[in-house]
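*Asks:* Below is start.pdb; it holds PDB, C-alpha atoms and all ligand atoms.
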ATOM      1  CA  MET A   1       3.360  28.802  -9.811
ATOM      2  CA  ASN A   2       4.624  27.130  -6.633
ATOM      3  CA  SER A   3       4.367  23.369  -6.639
ATOM      4  CA  PRO A   4       2.427  21.879  -3.696
ATOM      5  CA  ALA A   5       4.299  20.542  -0.688
ATOM      6  CA  PRO A   6       5.000  16.813  -0.890
ATOM      7  CA  ILE A   7       2.887  14.489   1.245
ATOM      8  CA  PHE A   8       5.864  12.190   1.726
ATOM      9  CA  GLU A   9       9.508  13.072   1.589
ATOM     10  CA  LEU A  10      12.260  10.534   2.191
ATOM     11  CA  LYS A  11      15.823  11.760   2.554
ATOM     12  CA  ASN A  12      18.712   9.275   2.534
ATOM     13  CA  VAL A  13      16.581   6.609   4.156
ATOM     14  CA  THR A  14      18.146   3.286   5.046
ATOM     15  CA  GLN A  15      16.226   0.566   6.833
ATOM     16  CA  LYS A  16      17.969  -2.370   8.457
ATOM     17  CA  PHE A  17      16.396  -5.233  10.348
ATOM     18  CA  SER A  18      19.672  -7.012  10.936
ATOM     19  CA  SER A  19      23.060  -6.011   9.573
ATOM     20  CA  PHE A  20      21.638  -6.444   6.057
ATOM     21  CA  PRO A  21      19.777  -3.361   4.744
ATOM     22  CA  SER A  22      16.257  -3.881   3.376
ATOM     23  CA  LEU A  23      16.268  -0.366   1.924
ATOM     24  CA  THR A  24      19.360   1.693   1.148
ATOM     25  CA  ASP A  25      19.639   5.422   0.625
ATOM     26  CA  ILE A  26      16.107   6.076  -0.561
ATOM     27  CA  ASN A  27      15.310   9.610  -1.690
ATOM     28  CA  LEU A  28      11.870  10.426  -2.993
ATOM     29  CA  GLN A  29       8.957  12.794  -2.809
ATOM     30  CA  ILE A  30       5.308  11.963  -3.378
ATOM     31  CA  TYR A  31       2.815  14.748  -4.062
ATOM     32  CA  PRO A  32      -0.914  15.134  -3.331
ATOM     33  CA  GLY A  33      -3.170  13.204  -5.695
ATOM     34  CA  GLU A  34      -0.401  11.119  -7.271
ATOM     35  CA  ARG A  35      -1.043   7.460  -8.093
ATOM     36  CA  VAL A  36       2.237   5.618  -7.616
ATOM     37  CA  ALA A  37       2.930   1.912  -8.180
ATOM     38  CA  LEU A  38       5.793   0.163  -6.362
ATOM     39  CA  VAL A  39       7.160  -2.795  -8.285
ATOM     40  CA  GLY A  40      10.107  -5.141  -7.922
ATOM     41  CA  SER A  41      10.910  -8.731  -7.081
ATOM     42  CA  SER A  42      10.030 -10.413  -3.845
ATOM     43  CA  GLY A  43      12.273  -9.014  -1.097
ATOM     44  CA  ALA A  44      13.023  -5.801  -3.032
ATOM     45  CA  GLY A  45      11.717  -3.685  -0.155
ATOM     46  CA  LYS A  46       8.175  -2.688  -1.243
ATOM     47  CA  SER A  47       6.435  -3.571   2.026
ATOM     48  CA  THR A  48       9.248  -2.039   4.041
ATOM     49  CA  LEU A  49       8.764   1.209   2.126
ATOM     50  CA  ILE A  50       5.002   1.143   2.717
ATOM     51  CA  ASN A  51       5.582   0.564   6.428
ATOM     52  CA  LEU A  52       7.904   3.568   6.544
ATOM     53  CA  LEU A  53       5.274   5.672   4.782
ATOM     54  CA  ASN A  54       2.542   4.803   7.283
ATOM     55  CA  GLY A  55       4.814   5.235  10.271
ATOM     56  CA  THR A  56       4.723   1.570  11.317
ATOM     57  CA  LEU A  57       8.513   1.579  10.923
ATOM     58  CA  THR A  58      10.997   4.222  11.959
ATOM     59  CA  PRO A  59      13.989   4.450   9.617
ATOM     60  CA  THR A  60      17.349   3.239  10.862
ATOM     61  CA  GLN A  61      18.991   6.191   9.091
ATOM     62  CA  GLY A  62      17.673   9.233   7.260
ATOM     63  CA  GLU A  63      14.403  11.070   7.512
ATOM     64  CA  VAL A  64      10.811  10.297   6.584
ATOM     65  CA  SER A  65       8.529  13.354   6.537
ATOM     66  CA  ILE A  66       4.791  12.938   6.279
ATOM     67  CA  PHE A  67       2.826  16.132   5.600
ATOM     68  CA  GLY A  68       6.052  17.965   6.324
ATOM     69  CA  ARG A  69       6.477  16.386   9.757
ATOM     70  CA  ASN A  70       8.991  13.858  10.923
ATOM     71  CA  LEU A  71       6.950  11.352  12.931
ATOM     72  CA  THR A  72       9.855  10.460  15.196
ATOM     73  CA  ASN A  73       9.782  14.025  16.556
ATOM     74  CA  LEU A  74       6.063  13.982  17.390
ATOM     75  CA  ASN A  75       4.377  13.002  20.626
ATOM     76  CA  SER A  76       2.018  10.026  20.422
ATOM     77  CA  LYS A  77      -1.115  12.183  20.113
ATOM     78  CA  LEU A  78       0.183  14.183  17.150
ATOM     79  CA  ARG A  79       1.635  11.053  15.656
ATOM     80  CA  ARG A  80      -1.780   9.368  15.703
ATOM     81  CA  LYS A  81      -3.317  12.494  14.187
ATOM     82  CA  VAL A  82      -0.929  12.277  11.242
ATOM     83  CA  GLN A  83      -1.408   8.513  10.939
ATOM     84  CA  ARG A  84      -5.209   8.930  10.776
ATOM     85  CA  GLN A  85      -4.640  10.647   7.445
ATOM     86  CA  ILE A  86      -3.073   7.488   6.046
ATOM     87  CA  GLY A  87      -5.162   4.390   5.362
ATOM     88  CA  THR A  88      -3.467   1.084   4.574
ATOM     89  CA  ILE A  89      -4.937  -1.897   2.748
ATOM     90  CA  TYR A  90      -3.168  -5.253   2.930
ATOM     91  CA  GLN A  91      -3.106  -8.419   0.876
ATOM     92  CA  GLN A  92      -4.723 -10.388   3.692
ATOM     93  CA  PHE A  93      -7.410  -7.724   4.281
ATOM     94  CA  HIS A  94      -6.723  -7.473   8.087
ATOM     95  CA  LEU A  95     -10.391  -7.812   9.006
ATOM     96  CA  VAL A  96     -11.865  -9.429  12.093
ATOM     97  CA  ASP A  97     -13.418 -12.549  10.576
ATOM     98  CA  ASN A  98     -16.086 -13.320  13.144
ATOM     99  CA  LEU A  99     -17.513  -9.790  13.265
ATOM    100  CA  ARG A 100     -20.263  -8.508  11.043
ATOM    101  CA  VAL A 101     -19.254  -6.410   8.081
ATOM    102  CA  ILE A 102     -20.632  -3.218   9.671
ATOM    103  CA  HIS A 103     -18.192  -3.517  12.593
ATOM    104  CA  ASN A 104     -15.217  -4.000  10.298
ATOM    105  CA  VAL A 105     -16.259  -1.014   8.196
ATOM    106  CA  ASN A 106     -16.821   1.150  11.255
ATOM    107  CA  ALA A 107     -13.362   0.192  12.516
ATOM    108  CA  GLY A 108     -12.284   2.972  10.146
ATOM    109  CA  LYS A 109     -13.724   5.319  12.787
ATOM    110  CA  LEU A 110     -11.718   3.878  15.663
ATOM    111  CA  GLY A 111      -9.049   6.546  15.413
ATOM    112  CA  HIS A 112     -11.796   9.177  15.813
ATOM    113  CA  TRP A 113     -13.962   7.532  18.504
ATOM    114  CA  SER A 114     -13.451   7.425  22.237
ATOM    115  CA  PHE A 115     -12.830   4.023  23.792
ATOM    116  CA  PHE A 116     -16.413   4.057  25.141
ATOM    117  CA  GLN A 117     -17.888   4.757  21.710
ATOM    118  CA  ALA A 118     -15.768   2.000  20.205
ATOM    119  CA  VAL A 119     -16.965  -0.566  22.753
ATOM    120  CA  MET A 120     -20.584   0.599  22.507
ATOM    121  CA  SER A 121     -20.458   0.307  18.745
ATOM    122  CA  LEU A 122     -19.791  -3.413  19.008
ATOM    123  CA  ILE A 123     -23.168  -3.789  20.766
ATOM    124  CA  TYR A 124     -25.203  -1.059  19.074
ATOM    125  CA  PRO A 125     -23.529  -0.179  15.772
ATOM    126  CA  LEU A 126     -22.984   3.568  15.497
ATOM    127  CA  GLU A 127     -23.061   5.365  12.181
ATOM    128  CA  ILE A 128     -24.992   2.726  10.262
ATOM    129  CA  GLU A 129     -25.621   5.229   7.465
ATOM    130  CA  THR A 130     -21.893   5.956   7.111
ATOM    131  CA  ALA A 131     -21.063   2.266   6.841
ATOM    132  CA  LEU A 132     -23.898   1.680   4.369
ATOM    133  CA  LYS A 133     -22.760   4.572   2.204
ATOM    134  CA  ALA A 134     -19.208   3.211   2.094
ATOM    135  CA  LEU A 135     -20.431  -0.303   1.268
ATOM    136  CA  THR A 136     -22.634   1.119  -1.492
ATOM    137  CA  LYS A 137     -19.577   2.840  -2.965
ATOM    138  CA  VAL A 138     -17.681  -0.443  -3.053
ATOM    139  CA  GLY A 139     -20.698  -2.278  -4.486
ATOM    140  CA  ILE A 140     -21.827  -4.557  -1.620
ATOM    141  CA  PRO A 141     -24.430  -2.645   0.463
ATOM    142  CA  GLU A 142     -26.428  -5.861   0.975
ATOM    143  CA  LYS A 143     -23.568  -7.326   3.064
ATOM    144  CA  LEU A 144     -23.898  -4.814   5.923
ATOM    145  CA  TYR A 145     -24.936  -7.377   8.556
ATOM    146  CA  GLU A 146     -23.215 -10.432   7.036
ATOM    147  CA  ARG A 147     -20.463 -12.162   9.021
ATOM    148  CA  THR A 148     -17.200 -11.128   7.421
ATOM    149  CA  ASP A 149     -15.788 -14.648   7.086
ATOM    150  CA  ARG A 150     -18.803 -15.645   4.949
ATOM    151  CA  LEU A 151     -17.721 -13.253   2.187
ATOM    152  CA  SER A 152     -15.519 -14.131  -0.765
ATOM    153  CA  GLY A 153     -11.942 -12.782  -0.941
ATOM    154  CA  GLY A 154     -12.951 -10.048  -3.391
ATOM    155  CA  GLN A 155     -15.847  -9.001  -1.158
ATOM    156  CA  GLN A 156     -13.583  -8.955   1.909
ATOM    157  CA  GLN A 157     -11.154  -6.670   0.102
ATOM    158  CA  ARG A 158     -14.139  -4.422  -0.694
ATOM    159  CA  VAL A 159     -14.941  -4.343   3.042
ATOM    160  CA  ALA A 160     -11.332  -3.335   3.732
ATOM    161  CA  ILE A 161     -11.682  -0.538   1.172
ATOM    162  CA  ALA A 162     -15.019   0.540   2.695
ATOM    163  CA  ARG A 163     -13.249   0.765   6.068
ATOM    164  CA  ILE A 164     -10.701   3.083   4.484
ATOM    165  CA  LEU A 165     -13.526   5.197   3.029
ATOM    166  CA  VAL A 166     -14.987   5.580   6.508
ATOM    167  CA  GLN A 167     -11.572   6.538   7.848
ATOM    168  CA  ASN A 168     -11.424   9.075   4.990
ATOM    169  CA  PRO A 169      -7.650   9.504   4.920
ATOM    170  CA  VAL A 170      -5.744  11.795   2.568
ATOM    171  CA  VAL A 171      -3.541   8.927   1.412
ATOM    172  CA  ILE A 172      -4.334   5.305   0.614
ATOM    173  CA  LEU A 173      -1.439   2.864   0.837
ATOM    174  CA  ALA A 174      -2.029  -0.617  -0.525
ATOM    175  CA  ASP A 175       0.404  -3.482  -0.025
ATOM    176  CA  GLU A 176      -0.286  -6.132  -2.664
ATOM    177  CA  PRO A 177      -4.044  -5.481  -2.500
ATOM    178  CA  ILE A 178      -4.865  -8.016  -5.222
ATOM    179  CA  SER A 179      -2.445 -10.856  -4.535
ATOM    180  CA  SER A 180      -5.124 -13.029  -2.940
ATOM    181  CA  LEU A 181      -7.645 -12.469  -5.714
ATOM    182  CA  ASP A 182      -8.405 -14.074  -9.057
ATOM    183  CA  PRO A 183      -7.774 -12.020 -12.233
ATOM    184  CA  GLN A 184     -11.369 -10.829 -12.589
ATOM    185  CA  ARG A 185     -11.617  -9.658  -8.926
ATOM    186  CA  SER A 186      -8.111  -8.176  -9.207
ATOM    187  CA  ARG A 187      -9.161  -5.934 -12.059
ATOM    188  CA  GLU A 188     -12.346  -4.889 -10.237
ATOM    189  CA  ILE A 189     -10.412  -3.987  -7.074
ATOM    190  CA  MET A 190      -7.738  -2.057  -8.995
ATOM    191  CA  ASP A 191     -10.466  -0.182 -10.918
ATOM    192  CA  LEU A 192     -12.218   0.603  -7.654
ATOM    193  CA  LEU A 193      -9.089   1.846  -5.867
ATOM    194  CA  CYS A 194      -8.109   4.068  -8.772
ATOM    195  CA  GLN A 195     -11.616   5.420  -9.199
ATOM    196  CA  LEU A 196     -11.825   6.274  -5.481
ATOM    197  CA  SER A 197      -8.465   7.968  -5.601
ATOM    198  CA  GLU A 198      -9.433   9.929  -8.712
ATOM    199  CA  ASP A 199     -12.909  10.942  -7.493
ATOM    200  CA  ALA A 200     -11.705  12.161  -4.113
ATOM    201  CA  GLY A 201      -8.246  13.340  -5.194
ATOM    202  CA  LYS A 202      -6.616  10.943  -2.754
ATOM    203  CA  THR A 203      -3.002   9.956  -3.151
ATOM    204  CA  LEU A 204      -2.707   6.231  -3.888
ATOM    205  CA  ILE A 205       0.497   4.249  -3.445
ATOM    206  CA  SER A 206       0.338   0.545  -4.103
ATOM    207  CA  SER A 207       2.833  -2.286  -4.299
ATOM    208  CA  LEU A 208       2.021  -4.723  -7.074
ATOM    209  CA  HIS A 209       3.288  -7.999  -8.419
ATOM    210  CA  VAL A 210       1.325  -7.740 -11.663
ATOM    211  CA  VAL A 211       3.297  -5.070 -13.483
ATOM    212  CA  GLU A 212       0.599  -4.629 -16.145
ATOM    213  CA  TYR A 213      -1.579  -2.909 -13.551
ATOM    214  CA  ALA A 214       1.200  -0.446 -12.804
ATOM    215  CA  PHE A 215       1.026   0.600 -16.452
ATOM    216  CA  SER A 216      -2.749   0.603 -16.773
ATOM    217  CA  HIS A 217      -3.776   2.209 -13.457
ATOM    218  CA  PHE A 218      -0.935   4.445 -12.231
ATOM    219  CA  GLN A 219       0.771   7.672 -13.261
ATOM    220  CA  ARG A 220       4.194   6.947 -11.831
ATOM    221  CA  ILE A 221       6.132   3.747 -11.280
ATOM    222  CA  ILE A 222       8.905   3.229  -8.752
ATOM    223  CA  GLY A 223      10.978   0.117  -9.395
ATOM    224  CA  LEU A 224      12.828  -1.247  -6.366
ATOM    225  CA  ARG A 225      15.665  -3.678  -6.711
ATOM    226  CA  GLU A 226      17.559  -5.103  -3.743
ATOM    227  CA  GLY A 227      16.434  -2.249  -1.533
ATOM    228  CA  ARG A 228      17.387   0.584  -3.886
ATOM    229  CA  ILE A 229      15.405   2.724  -6.280
ATOM    230  CA  PHE A 230      16.172   1.241  -9.685
ATOM    231  CA  PHE A 231      13.935   3.699 -11.512
ATOM    232  CA  ASP A 232      11.322   6.278 -10.588
ATOM    233  CA  ALA A 233       9.520   7.696 -13.604
ATOM    234  CA  PRO A 234       6.183   8.765 -15.088
ATOM    235  CA  VAL A 235       4.460   5.717 -16.538
ATOM    236  CA  GLU A 236       4.858   6.916 -20.126
ATOM    237  CA  GLU A 237       8.639   6.930 -19.670
ATOM    238  CA  VAL A 238       8.912   3.395 -18.304
ATOM    239  CA  THR A 239       9.908   0.947 -21.022
ATOM    240  CA  GLY A 240       9.723  -2.825 -21.261
ATOM    241  CA  GLU A 241      13.528  -2.939 -21.099
ATOM    242  CA  MET A 242      13.532  -1.068 -17.792
ATOM    243  CA  VAL A 243      11.070  -3.569 -16.350
ATOM    244  CA  GLU A 244      13.030  -6.484 -17.750
ATOM    245  CA  GLU A 245      16.224  -5.162 -16.131
ATOM    246  CA  LEU A 246      14.384  -4.623 -12.858
ATOM    247  CA  TYR A 247      13.471  -8.291 -12.628
ATOM    248  CA  ARG A 248      16.646  -9.661 -14.168
ATOM    249  CA  ILE A 249      18.070 -12.549 -12.204
ATOM    250  CA  GLU A 250      21.799 -12.191 -11.611
ATOM    251  CA  PRO A 251      23.615 -15.496 -12.084
ATOM    252  CA  GLN A 252      25.542 -16.486  -8.976
ATOM    253  CA  ASP A 253      29.351 -16.700  -9.227
ATOM    254  CA  GLY A 254      30.302 -19.772 -11.229
ATOM    255  CA  GLU A 255      26.758 -20.327 -12.554
ATOM    256  CA  MET A 256      25.708 -20.060 -16.177
ATOM    257  CA  GLY A 257      22.502 -18.308 -15.180
ATOM    258  CA  ARG A 258      19.106 -19.855 -14.722
ATOM    259  CA  TRP A 259      18.273 -19.696 -18.414
ATOM    260  CA  GLY A 260      21.481 -21.328 -19.609
ATOM    261  CA  ASP A 261      24.417 -19.900 -21.608
ATOM    262  CA  GLY A 262      23.934 -16.493 -20.081
ATOM    263  CA  GLU A 263      20.544 -16.177 -21.777
ATOM    264  CA  ARG A 264      18.211 -14.039 -19.718
ATOM    265  CA  LYS A 265      14.609 -14.639 -18.905
ATOM    266  CA  LYS A 266      12.844 -12.738 -21.674
ATOM    267  CA  ASN A 267       9.549 -11.894 -19.995
ATOM    268  CA  PRO A 268      10.004 -11.396 -16.290
ATOM    269  CA  ILE A 269       6.336 -10.597 -15.634
TER     270      ILE A 269
HETATM  271  N1  LIG B 301      10.368  -7.416  10.125
HETATM  272  C1  LIG B 301      11.437  -7.844   9.440
HETATM  273  N2  LIG B 301      12.471  -8.436  10.063
HETATM  274  C2  LIG B 301      13.571  -8.859   9.387
HETATM  275  N3  LIG B 301      13.708  -8.710   8.051
HETATM  276  C3  LIG B 301      12.695  -8.136   7.385
HETATM  277  C4  LIG B 301      11.520  -7.668   8.030
HETATM  278  N4  LIG B 301      10.693  -7.140   7.090
HETATM  279  C5  LIG B 301      11.337  -7.270   5.920
HETATM  280  N5  LIG B 301      12.544  -7.855   6.098
HETATM  281  C6  LIG B 301      13.525  -8.142   5.034
HETATM  282  O1  LIG B 301      13.637  -6.990   4.242
HETATM  283  C7  LIG B 301      13.735  -7.306   2.858
HETATM  284  C8  LIG B 301      12.631  -6.602   2.096
HETATM  285  O2  LIG B 301      11.387  -7.163   2.491
HETATM  286  P1  LIG B 301      10.006  -6.602   2.002
HETATM  287  O3  LIG B 301       8.945  -7.354   2.753
HETATM  288  O4  LIG B 301       9.991  -5.128   2.127
HETATM  289  O5  LIG B 301      10.017  -7.021   0.467
HETATM  290  P2  LIG B 301       8.850  -6.937  -0.600
HETATM  291  O6  LIG B 301       9.390  -6.217  -1.787
HETATM  292  O7  LIG B 301       7.611  -6.410   0.020
HETATM  293  O8  LIG B 301       8.680  -8.477  -1.007
HETATM  294  P3  LIG B 301       7.337  -9.264  -1.424
HETATM  295  O9  LIG B 301       7.106  -8.923  -2.862
HETATM  296  O10 LIG B 301       7.721 -10.711  -1.248
HETATM  297  O11 LIG B 301       6.229  -8.850  -0.527
HETATM  298  C9  LIG B 301      13.661  -8.839   2.775
HETATM  299  O12 LIG B 301      14.972  -9.322   2.679
HETATM  300  C10 LIG B 301      13.037  -9.231   4.093
HETATM  301  O13 LIG B 301      13.470 -10.504   4.491
HETATM  302 MG    MG B 302       5.745  -7.222   0.410
END
Output the file's structure as structure tokens, nothing else.
*Replies:*
Amino acid sequence: MNSPAPIFELKNVTQKFSSFPSLTDINLQIYPGERVALVGSSGAGKSTLINLLNGTLTPTQGEVSIFGRNLTNLNSKLRRKVQRQIGTIYQQFHLVDNLRVIHNVNAGKLGHWSFFQAVMSLIYPLEIETALKALTKVGIPEKLYERTDRLSGGQQQRVAIARILVQNPVVILADEPISSLDPQRSREIMDLLCQLSEDAGKTLISSLHVVEYAFSHFQRIIGLREGRIFFDAPVEEVTGEMVEELYRIEPQDGEMGRWGDGERKKNPI
């Protein structure tokens, strides 16, 4: 049986912002329906990778293909068409605080609406049913007309997810989606994201600081260290030692190491 075409394919990708590379020689493929966690220390390159996957960044070297197409070769119309199939959720939600929830949810339609429809919708909300359905799925239908900045962090992240549901992309990218949330809300949001991805067969790629969630909610874990892929494996093959190595702090020249006498930090999580 032929395997499906990858949704994302990165070939020898290097990303530099200055002379120092943030990502170096990345090669990977991500297939439809996969749930992939990106882990690694702060500065390892997780957000940079997510921004390459959604086309916000163009690689300095190498090739990023999305649905088999290299975005740099597409005109702006085709590029937007491809990008509509990718929804991104951020740590800071990226909502417009002083708008009602319905407008933020319907912003998921902006890529599909004309400019006139978009402006009209701010006065007379279009597609109320669509927004309500999405909010019901994320568990807060009663917040439809609430001002967004009156919601809690967990509820605002639910609004951001509802917006993605309205956009209905093939792929959901999430960059630290739970970093602003308490442990209880974090679990709820991770459960919700995974359930949505499972129910609709959507590919989910999320960067995470809490490595436990990578193990409990994802099928594949990519560990990034100093801009390189340190490991890329099915979750059942990732061991505690691999994670420990991933987060290991290298002592600087002449130092004994942070933990004294060359002893390493035992639990990096
Ligand atoms: N727009 C930018 N301009 C300059 N340097 C950048 C830019 N974005 C990222 N970098 C650098 O690239 C490296 C990787 O950053 P990135 O944000 O991808 O890390 P990260 O793994 O997401 O870290 P964190 O866990 O803290 O979010 C860092 O050294 C960072 O300073
Ligand atoms: Mg980041």
*Asks:* Evaluated on this file, the PyMOL selection byres (((chain A and resi 216-231) around 6) and not hetatm) picks out some residues - which ones are they, written as a ChimeraX atom specification?
*Replies:* /A:22-24,35-40,44-45,213-215,232-235
*Asks:* Generate a file of the selected residues that holds C-alpha atoms, formatted as a PDB file, in the frame of the given file.
*Replies:*
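Okay, selection_19.pdb is ready:
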ATOM      1  CA  SER A  22      16.257  -3.881   3.376  1.00  0.00           C
ATOM      2  CA  LEU A  23      16.268  -0.366   1.924  1.00  0.00           C
ATOM      3  CA  THR A  24      19.360   1.693   1.148  1.00  0.00           C
ATOM      4  CA  ARG A  35      -1.043   7.460  -8.093  1.00  0.00           C
ATOM      5  CA  VAL A  36       2.237   5.618  -7.616  1.00  0.00           C
ATOM      6  CA  ALA A  37       2.930   1.912  -8.180  1.00  0.00           C
ATOM      7  CA  LEU A  38       5.793   0.163  -6.362  1.00  0.00           C
ATOM      8  CA  VAL A  39       7.160  -2.795  -8.285  1.00  0.00           C
ATOM      9  CA  GLY A  40      10.107  -5.141  -7.922  1.00  0.00           C
ATOM     10  CA  ALA A  44      13.023  -5.801  -3.032  1.00  0.00           C
ATOM     11  CA  GLY A  45      11.717  -3.685  -0.155  1.00  0.00           C
ATOM     12  CA  TYR A 213      -1.579  -2.909 -13.551  1.00  0.00           C
ATOM     13  CA  ALA A 214       1.200  -0.446 -12.804  1.00  0.00           C
ATOM     14  CA  PHE A 215       1.026   0.600 -16.452  1.00  0.00           C
ATOM     15  CA  ASP A 232      11.322   6.278 -10.588  1.00  0.00           C
ATOM     16  CA  ALA A 233       9.520   7.696 -13.604  1.00  0.00           C
ATOM     17  CA  PRO A 234       6.183   8.765 -15.088  1.00  0.00           C
ATOM     18  CA  VAL A 235       4.460   5.717 -16.538  1.00  0.00           C
TER      19      VAL A 235
END
*Asks:* With all atoms listed in the file counted and 9 Å as the cut-off, give the residues of chain A in contact with ligand MG 302 (chain B), each with its shortest interatomic distance in Å and the pair that gives it, as CSV.
*Replies:*
residue,atom,partner,partner_atom,distance
A:Ser42,CA,B:MG302,MG,6.8
A:Gly43,CA,B:MG302,MG,6.9
A:Ala44,CA,B:MG302,MG,8.2
A:Gly45,CA,B:MG302,MG,7.0
A:Lys46,CA,B:MG302,MG,5.4
A:Ser47,CA,B:MG302,MG,4.1
A:Thr48,CA,B:MG302,MG,7.2
A:Ile50,CA,B:MG302,MG,8.7
A:Gln91,CA,B:MG302,MG,8.9
A:Asp175,CA,B:MG302,MG,6.5
A:Glu176,CA,B:MG302,MG,6.9
A:Ser207,CA,B:MG302,MG,7.4
A:Leu208,CA,B:MG302,MG,8.7
*Asks:* Counting only C-alpha atoms and all ligand atoms, which of A:Lys202, A:Arg187, A:Lys16, A:Lys11 gets nearest to ligand LIG 301 (chain B)?
*Replies:*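 Closest to ligand LIG 301 (chain B) of all the choices is A:Lys16.
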*Asks:* Can you report as JSON the centre and edge lengths in Å, to one decimal, of an axis-aligned box around the listed atoms of region 97-100 of chain A padded with 8 Å on each side?
*Replies:*
{"center_x": -16.8, "center_y": -10.9, "center_z": 11.9, "size_x": 22.8, "size_y": 20.8, "size_z": 18.7}
*Asks:* Taking 4 positions as the minimum chain separation for residues in the same chain, which residues sit within 9 Å of Ile102 (chain A) when counting all atoms listed in the file? Answer as number ranges by chain.
*Replies:* A: 106-107, 125, 128, 131-132, 135, 143-148, 159
*Asks:* In Å to one decimal, how far is atom O9 of ligand LIG 301 (chain B) from CA of Ser41 (chain A)?
*Replies:*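 Computing the Euclidean distance for CA of Ser41 (chain A) and atom O9 of ligand LIG 301 (chain B) yields 5.7 Å.
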*Asks:* Just checking: using all atoms listed in the file, which residue out of A:Ile86, A:Ile30, A:Leu49, A:Val105 ends up closest to Pro141 (chain A)?
*Replies:* A:Val105
*Asks:* Out of A:Ala174, A:Arg69, A:Glu34, A:Asp191, which residue has the shortest atom-to-atom distance to ligand LIG 301 (chain B) when counting all atoms listed in the file?
*Replies:*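 Ranking A:Ala174, A:Arg69, A:Glu34, A:Asp191 by distance to ligand LIG 301 (chain B), first place goes to A:Ala174.
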*Asks:* Could you tell me which of A:Leu52, A:Leu28, A:Leu196, A:Leu173 comes closest to ligand LIG 301 (chain B) if we count only C-alpha atoms and all ligand atoms?
*Replies:*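 Answer, going by the shortest atom-to-atom distance: A:Leu52.
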*Asks:* Using the chain letters and numbers from the file, give me the residues hit by the PyMOL selection byres (((chain A and resi 32) around 12) and not hetatm), as JSON, numbers by chain.
*Replies:* {"A": [3, 4, 5, 6, 7, 8, 9, 29, 30, 31, 33, 34, 35, 36, 66, 67, 170, 171, 172, 197, 198, 200, 201, 202, 203, 204, 205]}
*Asks:* Tell me which of A:Leu165, A:Val82, A:Val96, A:Val211 sits closest to ligand LIG 301 (chain B), counting all atoms listed in the file.
*Replies:*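 Nearest candidate to ligand LIG 301 (chain B) out of A:Leu165, A:Val82, A:Val96, A:Val211: A:Val211.
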*Asks:* Smallest atom-to-atom distance to ligand LIG 301 (chain B): which of A:Leu246, A:Leu57, A:Leu71, A:Val13, using all atoms listed in the file?
*Replies:*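 Counting all atoms listed in the file, the residue closest to ligand LIG 301 (chain B) is A:Leu57.
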*Asks:* Could you tell me, as JSON, numbers by chain, exactly which residues end up selected when the PyMOL selection byres (((chain A and resi 179) around 12) and not hetatm) is applied to this structure?
*Replies:* {"A": [89, 90, 91, 92, 93, 153, 154, 157, 174, 175, 176, 177, 178, 180, 181, 182, 183, 185, 186, 187, 189, 190, 206, 207, 208, 209, 210]}
*Asks:* What is the distance between CA of Gln167 (chain A) and CA of Arg80 (chain A), in Å to one decimal?
*Replies:*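 Answer for the CA of Gln167 (chain A) to CA of Arg80 (chain A) separation: 12.9 Å.
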